[in-house]
file work-v6.cif (mmCIF, C-alpha atoms)
data_final
#
loop_
_atom_site.group_PDB
_atom_site.id
_atom_site.type_symbol
_atom_site.label_atom_id
_atom_site.label_comp_id
_atom_site.auth_asym_id
_atom_site.auth_seq_id
_atom_site.Cartn_x
_atom_site.Cartn_y
_atom_site.Cartn_z
ATOM 1 C CA GLY A 1 -14.057 -18.967 5.816
ATOM 2 C CA ARG A 2 -11.297 -16.512 6.619
ATOM 3 C CA PHE A 3 -13.018 -15.096 9.727
ATOM 4 C CA PHE A 4 -12.959 -18.484 11.497
ATOM 5 C CA GLY A 5 -9.486 -19.361 10.197
ATOM 6 C CA LEU A 6 -7.800 -18.320 13.446
ATOM 7 C CA ILE A 7 -9.290 -19.560 16.725
ATOM 8 C CA ASN A 8 -7.217 -19.469 19.917
ATOM 9 C CA PRO A 9 -9.043 -20.676 23.079
ATOM 10 C CA SER A 10 -6.069 -19.709 25.293
ATOM 11 C CA LEU A 11 -7.124 -16.074 24.898
ATOM 12 C CA PHE A 12 -9.671 -16.714 27.686
ATOM 13 C CA SER A 13 -6.898 -17.009 30.276
ATOM 14 C CA LEU A 14 -4.303 -14.756 28.648
ATOM 15 C CA THR A 15 -6.660 -11.771 28.531
ATOM 16 C CA LYS A 16 -7.320 -12.063 32.276
ATOM 17 C CA LYS A 17 -3.601 -11.579 32.992
ATOM 18 C CA THR A 18 -3.267 -8.264 31.165
ATOM 19 C CA ASP A 19 -3.861 -4.676 32.201
ATOM 20 C CA VAL A 20 -3.913 -3.328 28.649
ATOM 21 C CA LEU A 21 -4.956 -5.346 25.622
ATOM 22 C CA VAL A 22 -3.642 -4.327 22.186
ATOM 23 C CA VAL A 23 -5.384 -6.037 19.267
ATOM 24 C CA PHE A 24 -4.269 -5.623 15.678
ATOM 25 C CA GLY A 25 -7.376 -5.749 13.519
ATOM 26 C CA HIS A 26 -10.644 -7.624 13.647
ATOM 27 C CA HIS A 27 -10.473 -9.853 10.580
ATOM 28 C CA TYR A 28 -10.349 -13.110 12.547
ATOM 29 C CA PHE A 29 -12.650 -14.500 15.203
ATOM 30 C CA SER A 30 -9.841 -14.602 17.786
ATOM 31 C CA LEU A 31 -9.106 -10.891 17.309
ATOM 32 C CA PHE A 32 -12.784 -10.018 17.516
ATOM 33 C CA PHE A 33 -13.225 -12.222 20.600
ATOM 34 C CA ALA A 34 -10.120 -10.869 22.385
ATOM 35 C CA THR A 35 -11.327 -7.285 21.931
ATOM 36 C CA LEU A 36 -14.821 -8.040 23.193
ATOM 37 C CA TRP A 37 -13.611 -10.262 26.060
ATOM 38 C CA GLY A 38 -11.144 -7.590 27.161
ATOM 39 C CA ARG A 39 -13.938 -5.037 27.324
ATOM 40 C CA ILE A 40 -16.174 -7.433 29.324
ATOM 41 C CA LEU A 41 -13.315 -7.961 31.806
ATOM 42 C CA GLY A 42 -12.887 -4.206 32.192
ATOM 43 C CA LYS A 43 -9.429 -4.077 30.624
ATOM 44 C CA LYS A 44 -8.048 -1.096 28.740
ATOM 45 C CA VAL A 45 -8.448 -2.017 25.083
ATOM 46 C CA VAL A 46 -6.458 -0.574 22.185
ATOM 47 C CA VAL A 47 -7.250 -1.714 18.649
ATOM 48 C CA SER A 48 -5.582 -0.944 15.351
ATOM 49 C CA THR A 49 -7.003 -0.633 11.864
ATOM 50 C CA ASP A 50 -5.674 0.592 8.538
ATOM 51 C CA ALA A 51 -9.125 0.737 6.939
ATOM 52 C CA ILE A 52 -9.705 3.655 4.581
ATOM 53 C CA THR A 53 -13.010 2.597 3.035
ATOM 54 C CA LEU A 54 -15.973 0.303 3.607
ATOM 55 C CA GLY A 55 -15.590 -1.053 0.102
ATOM 56 C CA SER A 56 -18.089 -1.138 -2.710
ATOM 57 C CA SER A 57 -21.864 -0.817 -2.383
ATOM 58 C CA THR A 58 -22.463 -4.424 -1.348
ATOM 59 C CA ILE A 59 -24.677 -5.815 1.400
ATOM 60 C CA LYS A 60 -21.501 -6.571 3.387
ATOM 61 C CA SER A 61 -20.409 -2.934 3.086
ATOM 62 C CA GLN A 62 -23.805 -1.697 4.220
ATOM 63 C CA ILE A 63 -23.656 -3.977 7.272
ATOM 64 C CA LYS A 64 -20.173 -2.636 8.059
ATOM 65 C CA LYS A 65 -21.483 0.911 7.797
ATOM 66 C CA ILE A 66 -23.931 0.140 10.596
ATOM 67 C CA LEU A 67 -21.719 -2.036 12.804
ATOM 68 C CA PHE A 68 -18.327 -0.300 12.535
ATOM 69 C CA PRO A 69 -19.352 2.947 14.249
ATOM 70 C CA ILE A 70 -21.032 1.017 17.071
ATOM 71 C CA TRP A 71 -18.013 -1.264 17.508
ATOM 72 C CA TYR A 72 -15.400 1.502 17.487
ATOM 73 C CA LYS A 73 -17.411 3.829 19.713
ATOM 74 C CA LEU A 74 -18.299 1.289 22.419
ATOM 75 C CA ILE A 75 -15.495 -1.285 22.585
ATOM 76 C CA PRO A 76 -11.959 0.176 22.342
ATOM 77 C CA ASP A 77 -10.544 2.889 24.565
ATOM 78 C CA GLN A 78 -8.194 3.998 21.800
ATOM 79 C CA ILE A 79 -7.787 3.264 18.080
ATOM 80 C CA ILE A 80 -4.400 3.210 16.338
ATOM 81 C CA VAL A 81 -4.274 4.073 12.616
ATOM 82 C CA PRO A 82 -1.288 4.484 10.246
ATOM 83 C CA SER A 83 -2.448 7.466 8.210
ATOM 84 C CA ASN A 84 -4.484 10.636 8.019
ATOM 85 C CA THR A 85 -6.675 8.840 5.483
ATOM 86 C CA SER A 86 -7.579 6.164 8.044
ATOM 87 C CA GLU A 87 -8.192 8.814 10.691
ATOM 88 C CA LEU A 88 -10.536 10.711 8.367
ATOM 89 C CA PHE A 89 -12.344 7.481 7.481
ATOM 90 C CA LEU A 90 -13.047 6.718 11.156
ATOM 91 C CA HIS A 91 -13.947 10.316 11.935
ATOM 92 C CA ASN A 92 -16.493 10.272 9.090
ATOM 93 C CA LEU A 93 -18.038 7.215 10.751
ATOM 94 C CA GLY A 94 -18.611 9.343 13.841
ATOM 95 C CA ILE A 95 -15.558 8.365 15.881
ATOM 96 C CA PRO A 96 -14.162 11.388 17.781
ATOM 97 C CA ARG A 97 -10.604 12.345 16.821
ATOM 98 C CA SER A 98 -9.635 12.267 20.499
ATOM 99 C CA LYS A 99 -10.083 8.499 20.371
ATOM 100 C CA ILE A 100 -7.796 8.053 17.336
ATOM 101 C CA SER A 101 -3.969 8.016 17.379
ATOM 102 C CA ILE A 102 -1.830 8.058 14.241
ATOM 103 C CA THR A 103 1.237 5.785 14.324
ATOM 104 C CA PRO A 104 2.735 5.986 10.816
ATOM 105 C CA TYR A 105 4.293 3.057 9.010
ATOM 106 C CA ALA A 106 8.061 3.347 8.714
ATOM 107 C CA SER A 107 10.938 1.775 6.794
ATOM 108 C CA ASP A 108 14.536 1.064 7.790
ATOM 109 C CA GLU A 109 16.177 4.169 6.339
ATOM 110 C CA GLU A 110 19.728 3.208 7.299
ATOM 111 C CA PHE A 111 19.422 -0.213 5.649
ATOM 112 C CA LEU A 112 17.856 1.118 2.457
ATOM 113 C CA LEU A 113 20.519 3.787 2.009
ATOM 114 C CA SER A 114 23.343 1.337 2.713
ATOM 115 C CA GLN A 115 22.070 -1.076 0.048
ATOM 116 C CA SER A 116 21.354 1.447 -2.706
ATOM 117 C CA LYS A 117 24.793 1.549 -4.274
ATOM 118 C CA GLU A 118 25.062 3.394 -7.579
ATOM 119 C CA PRO A 119 27.094 0.667 -9.379
ATOM 120 C CA SER A 120 24.373 -1.876 -8.579
ATOM 121 C CA ALA A 121 21.721 0.473 -9.955
ATOM 122 C CA ARG A 122 23.677 0.854 -13.211
ATOM 123 C CA ASN A 123 24.102 -2.911 -13.408
ATOM 124 C CA ILE A 124 20.336 -3.417 -13.246
ATOM 125 C CA ARG A 125 19.818 -1.121 -16.237
ATOM 126 C CA GLU A 126 22.568 -2.959 -18.110
ATOM 127 C CA MET A 127 21.093 -6.352 -17.184
ATOM 128 C CA LEU A 128 17.691 -5.314 -18.524
ATOM 129 C CA GLY A 129 19.105 -3.634 -21.624
ATOM 130 C CA ILE A 130 17.973 -0.136 -20.627
ATOM 131 C CA ASP A 131 19.891 2.907 -21.817
ATOM 132 C CA PRO A 132 21.364 4.962 -18.935
ATOM 133 C CA GLU A 133 19.484 8.066 -20.137
ATOM 134 C CA SER A 134 16.071 6.421 -20.587
ATOM 135 C CA PHE A 135 13.132 7.263 -18.341
ATOM 136 C CA VAL A 136 12.464 4.291 -16.034
ATOM 137 C CA ALA A 137 9.462 3.698 -13.799
ATOM 138 C CA LEU A 138 9.317 1.011 -11.125
ATOM 139 C CA THR A 139 6.417 -0.767 -9.500
ATOM 140 C CA VAL A 140 6.819 -3.036 -6.467
ATOM 141 C CA ALA A 141 3.680 -5.043 -5.782
ATOM 142 C CA LYS A 142 2.113 -8.456 -5.490
ATOM 143 C CA MET A 143 0.433 -9.295 -8.776
ATOM 144 C CA ILE A 144 -3.165 -9.416 -7.586
ATOM 145 C CA GLU A 145 -6.311 -7.668 -8.791
ATOM 146 C CA ARG A 146 -6.503 -4.793 -6.300
ATOM 147 C CA LYS A 147 -2.962 -3.640 -7.142
ATOM 148 C CA ASN A 148 -4.340 -2.703 -10.593
ATOM 149 C CA LEU A 149 -1.106 -3.424 -12.437
ATOM 150 C CA SER A 150 -3.051 -4.033 -15.630
ATOM 151 C CA LEU A 151 -3.875 -0.316 -15.724
ATOM 152 C CA LEU A 152 -0.169 0.493 -15.558
ATOM 153 C CA ILE A 153 0.632 -1.882 -18.417
ATOM 154 C CA LYS A 154 -2.192 -0.395 -20.502
ATOM 155 C CA ALA A 155 -0.699 3.034 -19.884
ATOM 156 C CA TRP A 156 2.745 1.844 -20.926
ATOM 157 C CA THR A 157 1.472 0.457 -24.231
ATOM 158 C CA GLN A 158 0.403 4.015 -25.100
ATOM 159 C CA LEU A 159 3.748 5.603 -24.222
ATOM 160 C CA PRO A 160 6.900 5.901 -26.371
ATOM 161 C CA ASN A 161 9.094 2.808 -26.537
ATOM 162 C CA ASP A 162 12.061 4.583 -24.938
ATOM 163 C CA ARG A 163 10.216 4.740 -21.608
ATOM 164 C CA HIS A 164 10.785 1.632 -19.528
ATOM 165 C CA LEU A 165 8.725 -0.040 -16.797
ATOM 166 C CA ILE A 166 10.296 -2.471 -14.317
ATOM 167 C CA MET A 167 7.758 -4.643 -12.466
ATOM 168 C CA VAL A 168 9.081 -6.209 -9.265
ATOM 169 C CA GLY A 169 6.871 -8.869 -7.707
ATOM 170 C CA ASP A 170 4.961 -12.029 -8.483
ATOM 171 C CA GLY A 171 1.494 -13.435 -7.936
ATOM 172 C CA PRO A 172 -1.477 -15.231 -9.467
ATOM 173 C CA LEU A 173 -1.989 -12.593 -12.194
ATOM 174 C CA ARG A 174 1.571 -12.618 -13.508
ATOM 175 C CA LYS A 175 0.855 -14.712 -16.610
ATOM 176 C CA GLU A 176 -2.159 -12.554 -17.440
ATOM 177 C CA LEU A 177 -0.095 -9.383 -17.030
ATOM 178 C CA GLU A 178 2.713 -10.772 -19.189
ATOM 179 C CA GLU A 179 0.176 -11.534 -21.913
ATOM 180 C CA LEU A 180 -1.205 -8.014 -21.634
ATOM 181 C CA ALA A 181 2.320 -6.612 -22.015
ATOM 182 C CA ALA A 182 2.565 -8.580 -25.271
ATOM 183 C CA ASN A 183 6.338 -8.998 -25.089
ATOM 184 C CA ARG A 184 6.973 -5.264 -25.288
ATOM 185 C CA ALA A 185 10.689 -4.707 -24.925
ATOM 186 C CA ASN A 186 10.187 -1.728 -22.594
ATOM 187 C CA ILE A 187 8.178 -3.658 -19.959
ATOM 188 C CA HIS A 188 10.412 -5.798 -17.732
ATOM 189 C CA PHE A 189 9.122 -8.468 -15.327
ATOM 190 C CA ALA A 190 11.815 -8.799 -12.658
ATOM 191 C CA GLY A 191 9.922 -11.310 -10.510
ATOM 192 C CA LEU A 192 10.462 -11.653 -6.772
ATOM 193 C CA ILE A 193 13.532 -9.806 -5.540
ATOM 194 C CA GLN A 194 15.336 -10.386 -2.250
ATOM 195 C CA TYR A 195 14.771 -7.405 0.017
ATOM 196 C CA GLN A 196 18.468 -6.564 0.271
ATOM 197 C CA SER A 197 18.541 -6.175 -3.533
ATOM 198 C CA LEU A 198 15.411 -4.047 -3.724
ATOM 199 C CA PRO A 199 17.060 -0.670 -2.937
ATOM 200 C CA SER A 200 19.170 -0.979 -6.084
ATOM 201 C CA TYR A 201 15.988 -1.318 -8.142
ATOM 202 C CA TYR A 202 14.658 1.878 -6.594
ATOM 203 C CA SER A 203 17.946 3.616 -7.382
ATOM 204 C CA SER A 204 17.887 2.383 -10.985
ATOM 205 C CA SER A 205 14.518 4.037 -11.594
ATOM 206 C CA ASP A 206 13.374 7.626 -12.003
ATOM 207 C CA ILE A 207 10.016 7.160 -10.307
ATOM 208 C CA LEU A 208 7.869 4.643 -8.410
ATOM 209 C CA ILE A 209 4.281 4.073 -9.533
ATOM 210 C CA HIS A 210 1.627 2.609 -7.197
ATOM 211 C CA PRO A 211 -1.648 2.265 -9.166
ATOM 212 C CA ALA A 212 -3.717 0.257 -6.646
ATOM 213 C CA LYS A 213 -7.523 0.399 -6.591
ATOM 214 C CA HIS A 214 -7.373 -0.087 -2.828
ATOM 215 C CA GLU A 215 -4.314 0.138 -0.582
ATOM 216 C CA PRO A 216 -4.521 0.996 3.127
ATOM 217 C CA TRP A 217 -0.973 2.379 3.038
ATOM 218 C CA GLY A 218 1.689 1.336 0.481
ATOM 219 C CA LEU A 219 5.114 0.862 2.086
ATOM 220 C CA PRO A 220 7.079 1.000 -1.217
ATOM 221 C CA ILE A 221 6.206 4.709 -1.262
ATOM 222 C CA ASN A 222 8.182 5.206 1.970
ATOM 223 C CA GLU A 223 11.088 3.211 0.575
ATOM 224 C CA ALA A 224 11.232 5.096 -2.728
ATOM 225 C CA MET A 225 11.114 8.492 -1.027
ATOM 226 C CA ILE A 226 13.886 7.547 1.406
ATOM 227 C CA LEU A 227 16.029 6.944 -1.671
ATOM 228 C CA GLY A 228 15.059 10.303 -3.169
ATOM 229 C CA LYS A 229 12.620 9.038 -5.775
ATOM 230 C CA PRO A 230 9.317 10.780 -6.551
ATOM 231 C CA VAL A 231 6.130 8.714 -6.548
ATOM 232 C CA ILE A 232 2.975 8.461 -8.623
ATOM 233 C CA ALA A 233 0.085 6.893 -6.700
ATOM 234 C CA SER A 234 -3.650 6.577 -7.143
ATOM 235 C CA ASP A 235 -5.888 8.473 -4.761
ATOM 236 C CA ALA A 236 -7.006 5.080 -3.394
ATOM 237 C CA VAL A 237 -3.575 4.570 -1.783
ATOM 238 C CA GLY A 238 -3.499 5.579 1.876
ATOM 239 C CA ALA A 239 0.080 6.883 1.823
ATOM 240 C CA ALA A 240 -0.698 9.288 -1.015
ATOM 241 C CA LYS A 241 -2.505 11.799 1.195
ATOM 242 C CA ASP A 242 0.219 11.738 3.855
ATOM 243 C CA LEU A 243 3.393 11.650 1.758
ATOM 244 C CA ILE A 244 2.754 13.019 -1.729
ATOM 245 C CA VAL A 245 3.031 16.764 -2.245
ATOM 246 C CA ASP A 246 2.100 17.574 -5.845
ATOM 247 C CA THR A 247 5.175 18.170 -8.059
ATOM 248 C CA VAL A 248 7.427 18.099 -4.958
ATOM 249 C CA THR A 249 7.417 14.449 -3.837
ATOM 250 C CA GLY A 250 5.232 13.129 -6.646
ATOM 251 C CA TRP A 251 1.784 13.130 -8.186
ATOM 252 C CA THR A 252 -1.604 11.603 -7.416
ATOM 253 C CA PHE A 253 -4.042 10.418 -10.081
ATOM 254 C CA LYS A 254 -7.689 9.418 -9.966
ATOM 255 C CA SER A 255 -7.965 5.713 -9.185
ATOM 256 C CA ASP A 256 -8.470 3.445 -12.206
ATOM 257 C CA ASN A 257 -8.382 6.409 -14.619
ATOM 258 C CA LEU A 258 -6.081 5.535 -17.524
ATOM 259 C CA GLU A 259 -6.015 9.003 -19.060
ATOM 260 C CA ASP A 260 -5.162 10.633 -15.741
ATOM 261 C CA LEU A 261 -2.370 8.100 -15.119
ATOM 262 C CA ILE A 262 -0.804 8.734 -18.536
ATOM 263 C CA ASN A 263 -1.018 12.473 -17.908
ATOM 264 C CA VAL A 264 0.916 12.311 -14.622
ATOM 265 C CA ILE A 265 3.518 9.949 -16.118
ATOM 266 C CA ASN A 266 4.158 12.557 -18.815
ATOM 267 C CA LYS A 267 4.418 15.231 -16.111
ATOM 268 C CA ALA A 268 6.938 13.102 -14.220
ATOM 269 C CA GLU A 269 9.172 12.674 -17.249
ATOM 270 C CA HIS A 270 8.945 16.386 -18.084
ATOM 271 C CA ASN A 271 9.847 17.205 -14.479
ATOM 272 C CA ARG A 272 12.910 14.909 -14.653
ATOM 273 C CA ASP A 273 14.182 16.608 -17.794
ATOM 274 C CA LYS A 274 13.994 20.120 -16.313
#
call {"tool": "encode", "arguments": {"input": "work-v6.cif", "output": "structure tokens"}}
result
Amino acid sequence: GRFFGLINPSLFSLTKKTDVLVVFGHHYFSLFFATLWGRILGKKVVVSTDAITLGSSTIKSQIKKILFPIWYKLIPDQIIVPSNTSELFLHNLGIPRSKISITPYASDEEFLLSQSKEPSARNIREMLGIDPESFVALTVAKMIERKNLSLLIKAWTQLPNDRHLIMVGDGPLRKELEELAANRANIHFAGLIQYQSLPSYYSSSDILIHPAKHEPWGLPINEAMILGKPVIASDAVGAAKDLIVDTVTGWTFKSDNLEDLINVINKAEHNRDK
């Protein structure tokens, strides 16, 4: 299984040589072992997590609910999290805020701005056959179940044809999503895009939409906002609480709620036309 997919015996000796041990996560045996071994050796231990939920009401989630508070209270000296949502999650598990430090995710602002040239943005609209005045939404995500891109496509099939959706990314659900889009001319599958070309896609759009059912953060939100684009995100996206101010930097909708998503998309277009 995944937990035993990374085993590194050299951690026995490496841990002894450190004064402070920083461990990113606990999803693999080696990470779990290094944290515990560091504590046994009396080292200062710092761990990071971007968790924002224990998941659904499964037996695994119930076990986590018991073990997580014990683990985080007794083992690390300090816990690093990327968002206020993660901090609140840990605090609700009984971890004191004094033990939690927020270190936000960040994007390369200088690079993004240097690559977001207006002519390139216009060329993308031309390439996709989109009128310069049309409302365009962008999503940047791996095409997997938790990203909930099917909800976004369902929303788009209920919107006027002059509103366009550009979907950047690829993944195991791409064929299924293309079938769901049913060859609609206003839904564009751009596939994988080289990172240096991505800023032009942001610039070609009016808004970024991040509809995930579960997302610890959501770095495309940072990138879109750097380039001056508002964002629609579900309330299951960690960055939403930290970065989205309603009607100022974007809108939040109830996770997996189609009607709510359509409502905020309409608000976004109305806001653009003001």
call {"tool": "resolve_selection", "arguments": {"input": "work-v6.cif", "expression": "the PyMOL selection byres ((chain A and resi 266) around 12)", "output": "PDB file with C-alpha atoms, keeping the file's coordinate frame"}}
result
ATOM      1  CA  PHE A 135      13.132   7.263 -18.341  1.00  0.00           C
ATOM      2  CA  ALA A 137       9.462   3.698 -13.799  1.00  0.00           C
ATOM      3  CA  ALA A 155      -0.699   3.034 -19.884  1.00  0.00           C
ATOM      4  CA  TRP A 156       2.745   1.844 -20.926  1.00  0.00           C
ATOM      5  CA  GLN A 158       0.403   4.015 -25.100  1.00  0.00           C
ATOM      6  CA  LEU A 159       3.748   5.603 -24.222  1.00  0.00           C
ATOM      7  CA  PRO A 160       6.900   5.901 -26.371  1.00  0.00           C
ATOM      8  CA  ARG A 163      10.216   4.740 -21.608  1.00  0.00           C
ATOM      9  CA  ILE A 207      10.016   7.160 -10.307  1.00  0.00           C
ATOM     10  CA  ILE A 232       2.975   8.461  -8.623  1.00  0.00           C
ATOM     11  CA  TRP A 251       1.784  13.130  -8.186  1.00  0.00           C
ATOM     12  CA  GLU A 259      -6.015   9.003 -19.060  1.00  0.00           C
ATOM     13  CA  ASP A 260      -5.162  10.633 -15.741  1.00  0.00           C
ATOM     14  CA  LEU A 261      -2.370   8.100 -15.119  1.00  0.00           C
ATOM     15  CA  ILE A 262      -0.804   8.734 -18.536  1.00  0.00           C
ATOM     16  CA  ASN A 263      -1.018  12.473 -17.908  1.00  0.00           C
ATOM     17  CA  VAL A 264       0.916  12.311 -14.622  1.00  0.00           C
ATOM     18  CA  ILE A 265       3.518   9.949 -16.118  1.00  0.00           C
ATOM     19  CA  LYS A 267       4.418  15.231 -16.111  1.00  0.00           C
ATOM     20  CA  ALA A 268       6.938  13.102 -14.220  1.00  0.00           C
ATOM     21  CA  GLU A 269       9.172  12.674 -17.249  1.00  0.00           C
ATOM     22  CA  HIS A 270       8.945  16.386 -18.084  1.00  0.00           C
ATOM     23  CA  ASN A 271       9.847  17.205 -14.479  1.00  0.00           C
ATOM     24  CA  ARG A 272      12.910  14.909 -14.653  1.00  0.00           C
ATOM     25  CA  ASP A 273      14.182  16.608 -17.794  1.00  0.00           C
TER      26      ASP A 273
END
call {"tool": "closest_residue", "arguments": {"input": "work-v6.cif", "among": "A:Lys64, A:His91, A:His210, A:Lys16", "to": "A:Thr252", "atoms": "all atoms listed in the file"}}
result
A:His210
call {"tool": "atom_distance", "arguments": {"input": "work-v6.cif", "atom1": "atom CA of A:His27", "atom2": "atom CA of A:Leu54"}}
result
13.5 Å
call {"tool": "resolve_selection", "arguments": {"input": "work-v6.cif", "expression": "the PyMOL selection byres ((chain A and resi 112-117) around 12)", "output": "PyMOL selection string"}}
result
chain A and resi 106-111+118-124+194-205+220+222-229
call {"tool": "atom_distance", "arguments": {"input": "work-v6.cif", "atom1": "atom CA of A:Ile7", "atom2": "atom CA of A:Thr53"}}
result
26.3 Å
call {"tool": "build_atoms", "arguments": {"input": "work-v6.cif", "residues": "stretch 18-44 of chain A", "atoms": "N, CA and C atoms", "output": "PDB file, in the coordinates of the input"}}
result
ATOM      1  N   THR A  18      -3.766  -9.536  31.692  1.00  0.00           N
ATOM      2  CA  THR A  18      -3.267  -8.264  31.165  1.00  0.00           C
ATOM      3  C   THR A  18      -3.941  -7.073  31.836  1.00  0.00           C
ATOM      4  N   ASP A  19      -3.261  -5.943  31.785  1.00  0.00           N
ATOM      5  CA  ASP A  19      -3.861  -4.676  32.201  1.00  0.00           C
ATOM      6  C   ASP A  19      -4.344  -3.896  30.989  1.00  0.00           C
ATOM      7  N   VAL A  20      -3.560  -3.987  29.904  1.00  0.00           N
ATOM      8  CA  VAL A  20      -3.913  -3.328  28.649  1.00  0.00           C
ATOM      9  C   VAL A  20      -3.852  -4.359  27.537  1.00  0.00           C
ATOM     10  N   LEU A  21      -4.873  -4.390  26.725  1.00  0.00           N
ATOM     11  CA  LEU A  21      -4.956  -5.346  25.622  1.00  0.00           C
ATOM     12  C   LEU A  21      -4.830  -4.579  24.306  1.00  0.00           C
ATOM     13  N   VAL A  22      -3.843  -4.950  23.499  1.00  0.00           N
ATOM     14  CA  VAL A  22      -3.642  -4.327  22.186  1.00  0.00           C
ATOM     15  C   VAL A  22      -3.951  -5.365  21.116  1.00  0.00           C
ATOM     16  N   VAL A  23      -4.919  -5.078  20.277  1.00  0.00           N
ATOM     17  CA  VAL A  23      -5.384  -6.037  19.267  1.00  0.00           C
ATOM     18  C   VAL A  23      -5.218  -5.411  17.884  1.00  0.00           C
ATOM     19  N   PHE A  24      -4.528  -6.128  17.016  1.00  0.00           N
ATOM     20  CA  PHE A  24      -4.269  -5.623  15.678  1.00  0.00           C
ATOM     21  C   PHE A  24      -5.308  -6.166  14.693  1.00  0.00           C
ATOM     22  N   GLY A  25      -6.351  -5.384  14.494  1.00  0.00           N
ATOM     23  CA  GLY A  25      -7.376  -5.749  13.519  1.00  0.00           C
ATOM     24  C   GLY A  25      -8.544  -6.504  14.115  1.00  0.00           C
ATOM     25  N   HIS A  26      -9.450  -6.880  13.223  1.00  0.00           N
ATOM     26  CA  HIS A  26     -10.644  -7.624  13.647  1.00  0.00           C
ATOM     27  C   HIS A  26     -11.087  -8.597  12.560  1.00  0.00           C
ATOM     28  N   HIS A  27     -10.126  -9.025  11.734  1.00  0.00           N
ATOM     29  CA  HIS A  27     -10.473  -9.853  10.580  1.00  0.00           C
ATOM     30  C   HIS A  27     -10.639 -11.335  10.918  1.00  0.00           C
ATOM     31  N   TYR A  28     -10.209 -11.721  12.120  1.00  0.00           N
ATOM     32  CA  TYR A  28     -10.349 -13.110  12.547  1.00  0.00           C
ATOM     33  C   TYR A  28     -11.175 -13.175  13.823  1.00  0.00           C
ATOM     34  N   PHE A  29     -11.802 -14.313  14.029  1.00  0.00           N
ATOM     35  CA  PHE A  29     -12.650 -14.500  15.203  1.00  0.00           C
ATOM     36  C   PHE A  29     -11.875 -14.249  16.493  1.00  0.00           C
ATOM     37  N   SER A  30     -10.626 -14.757  16.560  1.00  0.00           N
ATOM     38  CA  SER A  30      -9.841 -14.602  17.786  1.00  0.00           C
ATOM     39  C   SER A  30      -9.580 -13.135  18.106  1.00  0.00           C
ATOM     40  N   LEU A  31      -9.345 -12.318  17.088  1.00  0.00           N
ATOM     41  CA  LEU A  31      -9.106 -10.891  17.309  1.00  0.00           C
ATOM     42  C   LEU A  31     -10.388 -10.208  17.786  1.00  0.00           C
ATOM     43  N   PHE A  32     -11.479 -10.561  17.135  1.00  0.00           N
ATOM     44  CA  PHE A  32     -12.784 -10.018  17.516  1.00  0.00           C
ATOM     45  C   PHE A  32     -13.119 -10.431  18.959  1.00  0.00           C
ATOM     46  N   PHE A  33     -12.912 -11.712  19.273  1.00  0.00           N
ATOM     47  CA  PHE A  33     -13.225 -12.222  20.600  1.00  0.00           C
ATOM     48  C   PHE A  33     -12.358 -11.561  21.672  1.00  0.00           C
ATOM     49  N   ALA A  34     -11.034 -11.439  21.397  1.00  0.00           N
ATOM     50  CA  ALA A  34     -10.120 -10.869  22.385  1.00  0.00           C
ATOM     51  C   ALA A  34     -10.519  -9.433  22.723  1.00  0.00           C
ATOM     52  N   THR A  35     -10.909  -8.674  21.706  1.00  0.00           N
ATOM     53  CA  THR A  35     -11.327  -7.285  21.931  1.00  0.00           C
ATOM     54  C   THR A  35     -12.575  -7.228  22.806  1.00  0.00           C
ATOM     55  N   LEU A  36     -13.560  -8.036  22.449  1.00  0.00           N
ATOM     56  CA  LEU A  36     -14.821  -8.040  23.193  1.00  0.00           C
ATOM     57  C   LEU A  36     -14.633  -8.586  24.609  1.00  0.00           C
ATOM     58  N   TRP A  37     -13.851  -9.651  24.752  1.00  0.00           N
ATOM     59  CA  TRP A  37     -13.611 -10.262  26.060  1.00  0.00           C
ATOM     60  C   TRP A  37     -12.839  -9.300  26.962  1.00  0.00           C
ATOM     61  N   GLY A  38     -11.880  -8.579  26.383  1.00  0.00           N
ATOM     62  CA  GLY A  38     -11.144  -7.590  27.161  1.00  0.00           C
ATOM     63  C   GLY A  38     -12.047  -6.497  27.697  1.00  0.00           C
ATOM     64  N   ARG A  39     -12.987  -6.056  26.883  1.00  0.00           N
ATOM     65  CA  ARG A  39     -13.938  -5.037  27.324  1.00  0.00           C
ATOM     66  C   ARG A  39     -14.844  -5.573  28.435  1.00  0.00           C
ATOM     67  N   ILE A  40     -15.316  -6.820  28.307  1.00  0.00           N
ATOM     68  CA  ILE A  40     -16.174  -7.433  29.324  1.00  0.00           C
ATOM     69  C   ILE A  40     -15.434  -7.531  30.657  1.00  0.00           C
ATOM     70  N   LEU A  41     -14.121  -7.822  30.589  1.00  0.00           N
ATOM     71  CA  LEU A  41     -13.315  -7.961  31.806  1.00  0.00           C
ATOM     72  C   LEU A  41     -12.891  -6.605  32.382  1.00  0.00           C
ATOM     73  N   GLY A  42     -13.225  -5.535  31.698  1.00  0.00           N
ATOM     74  CA  GLY A  42     -12.887  -4.206  32.192  1.00  0.00           C
ATOM     75  C   GLY A  42     -11.455  -3.790  31.933  1.00  0.00           C
ATOM     76  N   LYS A  43     -10.802  -4.439  30.959  1.00  0.00           N
ATOM     77  CA  LYS A  43      -9.429  -4.077  30.624  1.00  0.00           C
ATOM     78  C   LYS A  43      -9.405  -2.833  29.737  1.00  0.00           C
ATOM     79  N   LYS A  44      -8.253  -2.142  29.726  1.00  0.00           N
ATOM     80  CA  LYS A  44      -8.048  -1.096  28.740  1.00  0.00           C
ATOM     81  C   LYS A  44      -7.793  -1.772  27.390  1.00  0.00           C
TER      82      LYS A  44
END
